[in-house]
Amino acid sequence: MAQEKATEPKACTLTIAGPTPPPENIIRQFRDQGWQVEIKPQNESTSSRMLFVDRLEQAIKRSRRYQDNIILFVVDLDDFKSINTRYGYSLGDKLLQEVSERLRGCLRQYDSVILLGSDEFAVILCDFNKINNAEAIADKILLHLSDPFYLPGAPEIFISASIGISSFPNDGQQVDTLLANSETAMRLAKEAGGNSYRYFTPDMNDRAARRKVKEMELRRALVHGAIKVHYQPIIELASGQVAGVEALVRWHHPEQGEISALEVISLANATGLIQPLGRQVMNQAIIQVGEWHKTCNSLNLYLSVNFSKNEFRDQQFEAKLSTILRDAGLPTSAFWLEITEDFLLDERQQPEKILTRLKDMGATLVLDDFDTGNVPLVHLRHFPIDAVKIDGSFLKDPSFYHEKEKFIRAIIAMAHNLDYKIIVKGIETEQQLDFLRRYNCDMAQGYYLARPMTALDFEPYIPR
Ligand code: C2E
Ligand code: MG
């Protein structure tokens with residue numbers, strides 16, 4: 001009876017898929033029981049495609065719950081076939097691995113990079129609220145891929161890519177639709193000659209085109225000396241004296257007027273202009289403050305300059321800085337560098353080595369926008385940081401005084417125990433300043449004390 005039942009053909013087909021087929025005896029057992037057995041060898045590309053579908057589905061579910069956006073990039077390498085033909089498939093595979101690493105280096109930890117096909121990657125950017133910034137990331141990817149690749153046994157290899165961009169929920173609600181739309185956009189980028197990106201939606205493309213124009217204008221501004229620096233005093237709370245000055249970039253656009261510093265920096269970072277821009281700011285500010293040092297004997301005024309992490313990718317950074325300081329006659333001890341958490345977290349850049357070299361030169365290192373959420377104070381001990389700068393805007397919130405005061409007091413006490421100076425920026429009221437004095441913060445900066453201004457306007461603030 002059991003035998004009869006076992007040989008009766010089943011209505012269903014059993015499909016076994018996996019990287020390797022199951023052992024013969026297992027397959028035979030199922031066949032003996034009457035199953036139609038279908039073996040589907042699953043190669044790497046099918047499994048990564050399944051991984052992609054799974055990741056995007058998870059992201060969509062999450063996004064529905066939290067009502068935010070997902071950006072899907074399809075990144076396709078331009079003319080990758082010729083690389084395989086010229087150097088062979090094994091080197092081609094190595095190159096793809098390197099490309100995947102570089103893509104990862106452009107993203108946050110929780111974004112995904114998945115190889116979809118022979119030379120096509122999917123990049124999923126989750127909980128993305130600033131859709132407008134998708135192009136900054138696309139620019140960053142194109143820029144990083146344009147650096148030469150050095151692989152064993154091959155000359156330096158240059159590649160480029162075409163990127164198609166679609167977003168959830170605007171351009172599609174399902175995995176397949178989003179993928180198809182990103183691929184369509186990617187083909188538009190390829191048709192336009194490659195090494196570029198396109199959105200699926202036309203109006204987004206218009207915006208991206210306007211941004212390209214802005215990039216050209218920034219290039220022009222750099223060449224024609226239109227990048228200026230403003231100076232904001234930093235006050236030492238114990239004495240009430242001006243102790244330092246922060247240099248802040250300013251770009252007055254011929255038609256649009258003042259462009260916000262954040263926009264300038266984001267554009268410069270995305271387009272590879274951050275190093276020339278940063279150098280101009282550093283140059284102007286060091287020359288200016290050096291001038292003040294020369295004209296006012298034994299002046300006690302330090303200069304603090306902001307740096308994006310990409311500025312430290314310049315191998316000559318410290319050498320150039322030394323030369324500028326020496327030529328301007330500004331002692332290195334009067335030079336402070338404001339760095340950000342993303343630089344400390346970028347292990348590939350080996351930030352501790354760069355910072356140690358700068359520290360050995362005699363410069364002071366400040367962690368700007370210090371936020372205990374990302375880099376715990378204890379972790380900071382790996383780096384030779386001297387001071388942390390906190391945004392004081394939280395002090396404007398009346399509920400703060402009940403809820404967060406103890407917490408902030410604890411951070412201040414802990415930072416002091418670890419010998420960090422504390423600078424608080426964004427001080428707009430007397431009440432905020434009182435708080436800082438009460439808890440022995442070291443320095444303060446903000447509109448209440450003085451706004452950023454031209455070098456000429458700053459002169460009355462020079463401590464004499
Ligand atoms: P940041 O380093 O935190 O600089 C302080 C920013 O806060 C400046 O904005 C300053 O004008 C503004 N600020 C000063 N006091 C107050 C205040 O009391 N209330 C408010 N609401 N804001 C105040 P700005 O000049 O627009 O610069 C924005 C950011 O752009 C800077 O933030 C810095 O992260 C970046 N940045 C500016 N210049 C440079 C530069 O030369 N290089 C780099 N890498 N980044 C720069
Ligand atoms: Mg700063």
# chains A, B, ... in the order shown; residues from 1 in each chain; ligands from 1
$ select_by_dssp --residues "segment 238-317 of chain A" --states "strand (DSSP E)" --output "ChimeraX atom specification"
/A:242-253,257-259,302-306
$ select_by_dssp --residues "segment 46-102 of chain A" --states "alpha helix (DSSP H)" --output "JSON, numbers by chain"
{"A": [46, 47, 48, 49, 50, 51, 52, 53, 54, 55, 56, 57, 58, 59, 60, 61, 62, 63, 64, 65, 66, 80, 81, 82, 83, 84, 85, 86, 87, 89, 90, 91, 92, 93, 94, 95, 96, 97, 98, 99, 100, 101, 102]}
$ write_last_selection --atoms "N, CA and C atoms" --output "compact mmCIF listing (two decimals), in the first residue's frame"
# COMPACT_ATOMS: atom_id res chain seq x y z
N THR A 46 22.59 34.57 -9.84
CA THR A 46 21.20 34.40 -9.40
C THR A 46 21.12 34.68 -7.90
N SER A 47 22.15 34.23 -7.14
CA SER A 47 22.01 34.43 -5.71
C SER A 47 22.16 35.91 -5.36
N SER A 48 23.01 36.65 -6.10
CA SER A 48 23.10 38.06 -5.74
C SER A 48 21.84 38.81 -6.17
N ARG A 49 21.20 38.31 -7.24
CA ARG A 49 19.94 38.94 -7.64
C ARG A 49 18.88 38.70 -6.57
N MET A 50 18.89 37.47 -6.01
CA MET A 50 17.94 37.19 -4.92
C MET A 50 18.24 38.06 -3.71
N LEU A 51 19.52 38.26 -3.46
CA LEU A 51 19.91 39.12 -2.35
C LEU A 51 19.41 40.54 -2.60
N PHE A 52 19.55 41.00 -3.85
CA PHE A 52 19.10 42.34 -4.21
C PHE A 52 17.60 42.48 -3.97
N VAL A 53 16.83 41.49 -4.49
CA VAL A 53 15.37 41.55 -4.34
C VAL A 53 15.02 41.57 -2.86
N ASP A 54 15.70 40.73 -2.09
CA ASP A 54 15.41 40.66 -0.66
C ASP A 54 15.71 41.99 0.02
N ARG A 55 16.88 42.55 -0.25
CA ARG A 55 17.27 43.82 0.38
C ARG A 55 16.30 44.93 0.02
N LEU A 56 15.95 44.99 -1.29
CA LEU A 56 15.07 46.09 -1.70
C LEU A 56 13.68 45.91 -1.12
N GLU A 57 13.21 44.65 -1.07
CA GLU A 57 11.88 44.41 -0.46
C GLU A 57 11.88 44.82 1.01
N GLN A 58 12.95 44.46 1.71
CA GLN A 58 13.05 44.84 3.13
C GLN A 58 13.05 46.37 3.26
N ALA A 59 13.82 47.00 2.38
CA ALA A 59 13.92 48.47 2.43
C ALA A 59 12.55 49.10 2.15
N ILE A 60 11.81 48.51 1.20
CA ILE A 60 10.49 49.06 0.86
C ILE A 60 9.54 48.92 2.05
N LYS A 61 9.58 47.76 2.70
CA LYS A 61 8.71 47.55 3.88
C LYS A 61 9.02 48.59 4.95
N ARG A 62 10.30 48.78 5.18
CA ARG A 62 10.74 49.70 6.22
C ARG A 62 10.32 51.13 5.87
N SER A 63 10.49 51.42 4.58
CA SER A 63 10.19 52.75 4.11
C SER A 63 8.70 53.07 4.21
N ARG A 64 7.87 52.04 3.94
CA ARG A 64 6.42 52.23 4.07
C ARG A 64 6.09 52.57 5.51
N ARG A 65 6.74 51.86 6.43
CA ARG A 65 6.45 52.08 7.86
C ARG A 65 6.89 53.48 8.29
N TYR A 66 8.10 53.89 7.87
CA TYR A 66 8.64 55.17 8.36
C TYR A 66 8.39 56.33 7.41
N PHE A 80 33.01 47.93 -20.32
CA PHE A 80 33.77 46.99 -19.49
C PHE A 80 34.26 45.80 -20.31
N LYS A 81 33.52 45.51 -21.39
CA LYS A 81 33.91 44.36 -22.25
C LYS A 81 35.35 44.49 -22.71
N SER A 82 35.73 45.73 -23.08
CA SER A 82 37.08 45.89 -23.63
C SER A 82 38.13 45.58 -22.56
N ILE A 83 37.79 45.79 -21.30
CA ILE A 83 38.76 45.47 -20.24
C ILE A 83 38.94 43.96 -20.14
N ASN A 84 37.80 43.24 -20.19
CA ASN A 84 37.88 41.78 -20.18
C ASN A 84 38.68 41.27 -21.37
N THR A 85 38.42 41.89 -22.54
CA THR A 85 39.11 41.42 -23.74
C THR A 85 40.61 41.69 -23.63
N ARG A 86 40.93 42.89 -23.13
CA ARG A 86 42.35 43.28 -23.11
C ARG A 86 43.14 42.54 -22.02
N TYR A 87 42.53 42.42 -20.83
CA TYR A 87 43.33 41.90 -19.70
C TYR A 87 42.88 40.52 -19.23
N TYR A 89 39.50 37.68 -18.10
CA TYR A 89 38.36 37.68 -17.19
C TYR A 89 38.78 37.71 -15.72
N SER A 90 39.93 37.08 -15.44
CA SER A 90 40.33 37.00 -14.03
C SER A 90 40.65 38.41 -13.51
N LEU A 91 41.34 39.21 -14.34
CA LEU A 91 41.62 40.57 -13.92
C LEU A 91 40.33 41.40 -13.88
N GLY A 92 39.45 41.10 -14.86
CA GLY A 92 38.14 41.78 -14.87
C GLY A 92 37.40 41.56 -13.56
N ASP A 93 37.46 40.31 -13.05
CA ASP A 93 36.78 40.01 -11.78
C ASP A 93 37.39 40.78 -10.62
N LYS A 94 38.72 40.85 -10.63
CA LYS A 94 39.40 41.59 -9.55
C LYS A 94 38.99 43.07 -9.60
N LEU A 95 38.90 43.58 -10.81
CA LEU A 95 38.53 44.98 -10.96
C LEU A 95 37.11 45.22 -10.40
N LEU A 96 36.22 44.25 -10.69
CA LEU A 96 34.85 44.40 -10.18
C LEU A 96 34.84 44.43 -8.66
N GLN A 97 35.70 43.61 -8.05
CA GLN A 97 35.78 43.63 -6.58
C GLN A 97 36.23 44.99 -6.07
N GLU A 98 37.23 45.55 -6.76
CA GLU A 98 37.73 46.87 -6.36
C GLU A 98 36.65 47.93 -6.54
N VAL A 99 35.90 47.80 -7.66
CA VAL A 99 34.82 48.77 -7.92
C VAL A 99 33.81 48.68 -6.79
N SER A 100 33.48 47.45 -6.40
CA SER A 100 32.50 47.26 -5.34
C SER A 100 33.00 47.92 -4.05
N GLU A 101 34.30 47.78 -3.75
CA GLU A 101 34.88 48.42 -2.55
C GLU A 101 34.76 49.93 -2.63
N ARG A 102 35.07 50.47 -3.82
CA ARG A 102 35.01 51.93 -3.95
C ARG A 102 33.58 52.43 -3.80
$ residues_around --residues "segment 307-312 of chain A" --least-positions-apart "5" --cutoff "8 Å" --atoms "only C-alpha atoms" --output "list in words"
Asn269, Ile274, Gln275, Gly278, Phe317, Leu337, Glu338, Ile339, Thr340, Asp342, Phe343 and Ile354 of chain A
$ write_last_selection --atoms "N, CA and C atoms" --output "compact mmCIF listing (two decimals), in the first residue's frame"
# COMPACT_ATOMS: atom_id res chain seq x y z
N ASN A 269 32.59 69.03 -2.62
CA ASN A 269 32.90 67.65 -2.27
C ASN A 269 32.45 66.69 -3.35
N ILE A 274 36.83 70.10 -3.83
CA ILE A 274 37.03 70.46 -2.42
C ILE A 274 38.49 70.77 -2.11
N GLN A 275 39.41 70.04 -2.76
CA GLN A 275 40.82 70.31 -2.44
C GLN A 275 41.25 71.71 -2.91
N GLY A 278 39.37 74.18 -0.62
CA GLY A 278 39.90 74.19 0.74
C GLY A 278 41.25 74.91 0.79
N PHE A 317 49.19 67.10 1.78
CA PHE A 317 48.46 68.04 2.61
C PHE A 317 49.33 68.72 3.67
N LEU A 337 42.72 72.92 13.43
CA LEU A 337 41.97 72.28 12.34
C LEU A 337 40.67 71.73 12.89
N GLU A 338 39.55 72.09 12.25
CA GLU A 338 38.26 71.54 12.66
C GLU A 338 37.94 70.37 11.74
N ILE A 339 37.89 69.19 12.33
CA ILE A 339 37.61 68.00 11.52
C ILE A 339 36.25 67.44 11.95
N THR A 340 35.73 66.52 11.17
CA THR A 340 34.39 66.01 11.47
C THR A 340 34.43 64.50 11.73
N ASP A 342 32.92 62.07 10.37
CA ASP A 342 32.99 61.13 9.24
C ASP A 342 34.44 60.85 8.86
N PHE A 343 35.32 61.80 9.11
CA PHE A 343 36.74 61.55 8.83
C PHE A 343 37.29 60.53 9.84
N ILE A 354 47.16 60.49 10.06
CA ILE A 354 47.19 61.87 9.54
C ILE A 354 47.14 62.85 10.71
$ closest_atom_pairs --of "chain A" --to "ligand 2" --cutoff "10 Å" --atoms "only C-alpha atoms and all ligand atoms" --output "tab-separated table"
residue	atom	partner	partner_atom_place_in_ligand_line	distance
A:Glu246	CA	ligand 2	1 (Mg)	6.9
A:Ala247	CA	ligand 2	1 (Mg)	8.2
A:Leu248	CA	ligand 2	1 (Mg)	7.9
A:Ser304	CA	ligand 2	1 (Mg)	7.7
A:Val305	CA	ligand 2	1 (Mg)	7.0
A:Asn306	CA	ligand 2	1 (Mg)	5.2
A:Phe307	CA	ligand 2	1 (Mg)	8.4
A:Leu337	CA	ligand 2	1 (Mg)	8.8
A:Glu338	CA	ligand 2	1 (Mg)	5.8
A:Ile339	CA	ligand 2	1 (Mg)	7.9
A:Thr340	CA	ligand 2	1 (Mg)	8.8
A:Val366	CA	ligand 2	1 (Mg)	8.8
A:Leu367	CA	ligand 2	1 (Mg)	8.7
A:Asp368	CA	ligand 2	1 (Mg)	5.6
A:Asp369	CA	ligand 2	1 (Mg)	7.4
A:Lys389	CA	ligand 2	1 (Mg)	7.8
A:Ile390	CA	ligand 2	1 (Mg)	9.6
A:Asp391	CA	ligand 2	1 (Mg)	9.6
A:Lys425	CA	ligand 2	1 (Mg)	8.4
$ residues_near_ligand --ligand "ligand 1" --cutoff "6 Å" --atoms "only C-alpha atoms and all ligand atoms" --output "PyMOL selection string"
chain A and resi 248-249+260-262+265+278+281+306-308+426-428+446-447+451-452
$ write_last_selection --atoms "C-alpha atoms" --output "tab-separated table (two decimals), in the first residue's frame"
chain	number	residue	atom	x	y	z
A	248	LEU	CA	34.22	80.41	6.88
A	249	VAL	CA	34.03	80.18	3.11
A	260	SER	CA	25.31	79.07	1.61
A	261	ALA	CA	28.61	77.65	2.81
A	262	LEU	CA	27.01	74.23	3.23
A	265	ILE	CA	31.05	72.60	0.45
A	278	GLY	CA	39.90	74.19	0.74
A	281	VAL	CA	40.29	79.18	2.04
A	306	ASN	CA	37.18	73.67	8.71
A	307	PHE	CA	38.30	70.63	6.73
A	308	SER	CA	36.26	68.06	4.84
A	426	GLY	CA	25.62	78.84	17.76
A	427	ILE	CA	25.19	81.01	20.89
A	428	GLU	CA	22.34	83.41	20.24
A	446	GLY	CA	27.70	82.70	18.01
A	447	TYR	CA	25.61	85.57	16.69
A	451	ARG	CA	28.57	87.26	13.44
A	452	PRO	CA	31.04	86.11	10.79
$ atom_distance --atom1 "atom CA of Tyr439 of chain A" --atom2 "atom CA of Phe370 of chain A"
17.3 Å
$ closest_residue --among "A:Gly117, A:Gly153, A:Gly290, A:Pro384" --to "Ala328 of chain A" --atoms "only C-alpha atoms"
A:Gly290
$ closest_residue --among "A:Met204, A:Ile287, A:Ala226, A:Ile234" --to "Gly257 of chain A" --atoms "only C-alpha atoms"
A:Ala226
$ residues_around --residues "Asp78 of chain A" --least-positions-apart "3" --cutoff "8 Å" --atoms "only C-alpha atoms" --output "ChimeraX atom specification"
/A:159-162,190,194-195
$ write_last_selection --atoms "C-alpha atoms" --output "short mmCIF file (atom, residue, chain, number, x, y, z; two decimals), in the first residue's frame"
data_model
loop_
_atom_site.label_atom_id
_atom_site.label_comp_id
_atom_site.auth_asym_id
_atom_site.auth_seq_id
_atom_site.Cartn_x
_atom_site.Cartn_y
_atom_site.Cartn_z
CA ILE A 159 37.17 53.25 -16.03
CA SER A 160 33.94 55.23 -15.92
CA ALA A 161 30.33 54.35 -15.25
CA SER A 162 26.77 55.32 -16.13
CA LYS A 190 25.04 55.72 -21.49
CA GLY A 194 28.61 57.60 -20.25
CA ASN A 195 30.45 58.83 -17.16
#
$ atom_distance --atom1 "atom CA of Gly244 of chain A" --atom2 "atom CA of Leu365 of chain A"
13.6 Å
